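Have a look at my_file-v7.cif; it's mmCIF, C-alpha atoms:
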data_upload
#
loop_
_atom_site.label_atom_id
_atom_site.label_comp_id
_atom_site.auth_asym_id
_atom_site.auth_seq_id
_atom_site.Cartn_x
_atom_site.Cartn_y
_atom_site.Cartn_z
CA MET A 30 126.97 72.55 96.61
CA GLY A 31 123.54 73.37 95.13
CA ASN A 32 123.03 76.76 93.62
CA PRO A 33 125.79 79.18 94.57
CA LYS A 34 124.58 82.65 95.55
CA LYS A 35 126.20 86.02 95.97
CA ARG A 36 125.03 88.93 98.07
CA VAL A 37 124.41 92.33 96.47
CA GLU A 38 123.32 95.60 98.07
CA ILE A 39 120.75 97.48 95.95
CA PRO A 40 121.19 101.21 96.69
CA GLU A 41 118.57 103.96 96.82
CA GLY A 42 117.90 106.19 93.83
CA ASP A 43 116.42 106.09 90.37
CA ILE A 44 117.70 103.19 88.33
CA ARG A 45 119.27 103.32 84.89
CA LEU A 46 120.32 100.25 82.92
CA PRO A 47 122.11 101.10 79.66
CA ALA A 48 121.02 99.31 76.49
CA ALA A 49 122.26 95.78 75.96
CA GLU A 50 124.04 96.98 72.81
CA ASN A 51 126.19 99.41 74.82
CA MET A 52 129.64 97.86 74.48
CA PHE A 53 131.14 99.36 77.63
CA GLU A 54 128.22 99.59 80.06
CA ALA A 55 125.84 96.73 79.19
CA THR A 56 126.46 95.06 82.56
CA THR A 57 126.48 98.22 84.70
CA ILE A 58 123.46 99.52 86.61
CA TYR A 59 123.34 103.13 87.84
CA PHE A 60 121.38 104.40 90.83
CA GLY A 61 120.64 108.05 91.53
CA LYS A 62 122.40 111.09 90.10
CA ASN A 63 125.27 113.46 90.84
CA PRO A 64 127.14 111.23 91.41
CA ALA A 65 125.39 108.04 90.42
CA GLU A 66 126.21 104.91 92.36
CA SER A 67 126.91 101.93 90.13
CA ILE A 68 126.95 98.16 90.31
CA VAL A 69 129.07 96.35 87.73
CA CYS A 70 127.53 92.94 87.18
CA ASP A 71 129.15 89.74 85.96
CA SER A 72 126.65 89.38 83.07
CA ARG A 73 123.82 91.15 81.32
CA ALA A 74 121.40 88.59 82.82
CA GLU A 75 122.55 89.58 86.31
CA ALA A 76 122.16 93.28 85.47
CA GLU A 77 118.63 92.73 84.14
CA LEU A 78 117.68 90.70 87.23
CA LEU A 79 118.94 93.38 89.62
CA ALA A 80 117.26 96.10 87.55
CA ALA A 81 113.92 94.25 87.71
CA ILE A 82 114.23 93.83 91.47
CA ALA A 83 115.05 97.53 91.90
CA GLU A 84 112.26 98.62 89.54
CA ALA A 85 109.82 96.61 91.67
CA GLY A 86 110.82 98.89 94.53
CA TYR A 87 113.17 96.76 96.60
CA ARG A 88 116.30 98.35 98.07
CA GLY A 89 118.79 96.69 100.38
CA PRO A 90 120.74 93.43 100.54
CA ILE A 91 119.67 90.49 98.40
CA SER A 92 121.10 87.12 97.38
CA ILE A 93 121.17 86.25 93.69
CA PRO A 94 122.56 83.34 91.65
CA THR A 95 126.19 83.55 90.59
CA THR A 96 125.62 82.00 87.16
CA GLU A 97 124.25 83.76 84.10
CA GLU A 98 121.73 80.97 83.49
CA GLY A 99 120.60 81.11 87.14
CA CYS A 100 120.05 84.87 86.84
CA ARG A 101 118.15 84.46 83.57
CA ILE A 102 115.82 81.83 85.07
CA LEU A 103 115.24 83.80 88.27
CA HIS A 104 114.59 86.99 86.27
CA GLN A 105 111.84 85.30 84.25
CA LYS A 106 110.29 83.76 87.38
CA LEU A 107 110.37 87.17 89.07
CA LEU A 108 108.68 88.92 86.14
CA ASP A 109 105.97 86.23 86.03
CA ARG A 110 105.36 86.44 89.78
CA LEU A 111 105.24 90.24 89.79
CA ALA A 112 102.76 90.29 86.90
CA ARG A 113 100.49 87.73 88.60
CA ALA A 114 100.63 89.61 91.90
CA ARG A 115 99.85 92.99 90.29
CA ALA A 116 96.88 91.52 88.40
CA GLN A 117 95.55 89.90 91.57
CA PHE A 118 95.95 93.13 93.59
CA GLU A 119 94.14 95.12 90.90
CA GLN A 120 91.29 92.59 90.83
CA LEU A 121 90.98 92.65 94.63
CA ALA A 122 90.93 96.44 94.64
CA ARG A 123 88.25 96.59 91.90
CA GLU A 124 86.09 94.19 93.90
CA ARG A 125 86.43 96.10 97.18
CA ALA A 126 86.73 99.78 96.36
CA GLY A 127 84.50 102.08 94.36
CA SER A 128 86.73 104.88 93.16
CA GLU A 129 89.76 104.50 90.93
CA ARG A 130 91.77 106.62 93.36
CA LEU A 131 91.01 104.29 96.25
CA GLN A 132 91.70 101.25 94.08
CA ALA A 133 95.13 102.65 93.19
CA GLN A 134 95.92 103.29 96.85
CA ILE A 135 94.91 99.75 97.82
CA VAL A 136 97.05 98.30 95.04
CA GLU A 137 99.98 100.46 96.21
CA ILE A 138 99.63 99.23 99.81
CA LEU A 139 99.37 95.60 98.76
CA TRP A 140 102.34 96.03 96.40
CA ARG A 141 104.49 97.54 99.16
CA TRP A 142 103.53 94.67 101.48
CA PHE A 143 104.31 92.18 98.72
CA ILE A 144 107.79 93.64 98.19
CA TYR A 145 108.76 94.46 101.79
CA GLY A 146 106.33 92.37 103.86
CA ALA A 147 103.44 93.52 106.01
CA PRO A 148 104.04 96.07 108.78
CA GLN A 149 105.42 94.55 111.98
CA ASP A 150 102.17 94.97 113.90
CA LEU A 151 100.34 92.85 111.30
CA ARG A 152 102.91 90.03 111.17
CA LYS A 153 101.15 87.37 113.15
CA THR A 154 100.12 83.84 112.32
CA PRO A 155 98.22 84.10 109.01
CA THR A 156 95.51 81.71 110.23
CA ASN A 157 94.95 83.72 113.40
CA PRO A 158 91.43 85.27 113.23
CA ALA A 159 92.58 88.21 115.37
CA CYS A 160 95.32 88.95 112.83
CA GLU A 161 92.84 88.87 109.96
CA GLN A 162 90.46 91.13 111.90
CA GLN A 163 93.27 93.60 112.66
CA ALA A 164 94.35 93.65 109.00
CA ASN A 165 90.74 94.26 107.92
CA GLN A 166 90.46 97.12 110.42
CA VAL A 167 93.63 98.75 109.04
CA ILE A 168 92.28 98.51 105.50
CA GLU A 169 88.86 99.83 106.55
CA GLN A 170 90.50 102.77 108.35
CA LYS A 171 92.54 103.57 105.24
CA VAL A 172 89.40 103.41 103.08
CA ALA A 173 87.50 105.65 105.55
CA THR A 174 90.37 108.16 105.66
CA VAL A 175 90.53 108.36 101.88
CA ASN A 176 86.75 108.76 101.64
CA GLY A 177 86.87 111.57 104.23
CA GLU A 178 84.83 109.66 106.79
CA VAL A 179 87.45 109.95 109.55
#
Starting from the file, give its structure as structure tokens.
Amino acid sequence: MGNPKKRVEIPEGDIRLPAAENMFEATTIYFGKNPAESIVCDSRAEAELLAAIAEAGYRGPISIPTTEEGCRILHQKLLDRLARARAQFEQLARERAGSERLQAQIVEILWRWFIYGAPQDLRKTPTNPACEQQANQVIEQKVATVNGEV
């Protein structure tokens, strides 16, 4: 069979990944405090992949490769994709919003949509003009609210 996957549940809470040099905990990720919930991974590459996913903001079930090499490759692809997305969101915000505060809020909304998907009421056919118009209205309302116009 192709690429075997395993399912992992990423819990809520602040994430802590011990240093790679830590002999006993290099493959363990901790979430939250008092008591911390932990995930013991099969390899350091798996731990780094899950840590990157959690640091991006995702929580919940996810499928990841079972091999160390598969985790390493996916981790690098994820980092590249996240960096490209963040740069694109920042550029879009600079082009469409005047204040740095508003730009940061737009980037945060786009980032959340990128990680979790758009809100249910905006999930329509992407080529649907009504969907685009509704999405633009939501963004305009957010901009107006932040600017104190509403």
Quiz item: Written as a ChimeraX atom specification, which residues does the PyMOL selection byres ((chain A and resi 110-119) around 8) give for the file shown?
Solution: /A:106-109,120-123,132-133,135-136,139-140
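Relative to CA of Pro90 in chain A, CA of Phe143 in chain A is found at 16.6 Å.
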Quiz prompt | Nearest to Gln105 in chain A, chosen from A:Glu77, A:Ile138, A:Glu129, A:Tyr87, with only C-alpha atoms counted in the distances | solution =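 Among A:Glu77, A:Ile138, A:Glu129, A:Tyr87, it is A:Glu77 that comes nearest to Gln105 in chain A.
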Self-check item: Nearest to Phe60 in chain A by atom-to-atom distance, counting only C-alpha atoms, from A:Glu75, A:Glu97, A:Glu41, A:Glu84
Solution: A:Glu41
Exercise. Considering all atoms listed in the file, return as number ranges by chain whatever protein or nucleic-acid residues lie within 12 Å of Glu38 in chain A, sequence-local ones (same chain, fewer than 4 positions apart) excluded.
Key: A: 60, 66-70, 79, 82-83, 87-93
Quiz item: Do you have the CA of Gly61 in chain A-CA of Val37 in chain A distance handy?
Solution: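 So the answer is 16.9 Å.
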Quiz prompt | Separation of CA of Ala76 in chain A from CA of Thr57 in chain A, in Å and rounded to one decimal | solution =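 Distance between the two atoms: 6.6 Å.
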As lines of an AutoDock Vina configuration file, please: the centre and edge lengths in Å, to one decimal, of an axis-aligned box enclosing every listed atom of range 133-140 of chain A with 4 Å added on each side.
center_x = 98.6
center_y = 99.4
center_z = 96.5
size_x = 15.4
size_y = 15.7
size_z = 14.6
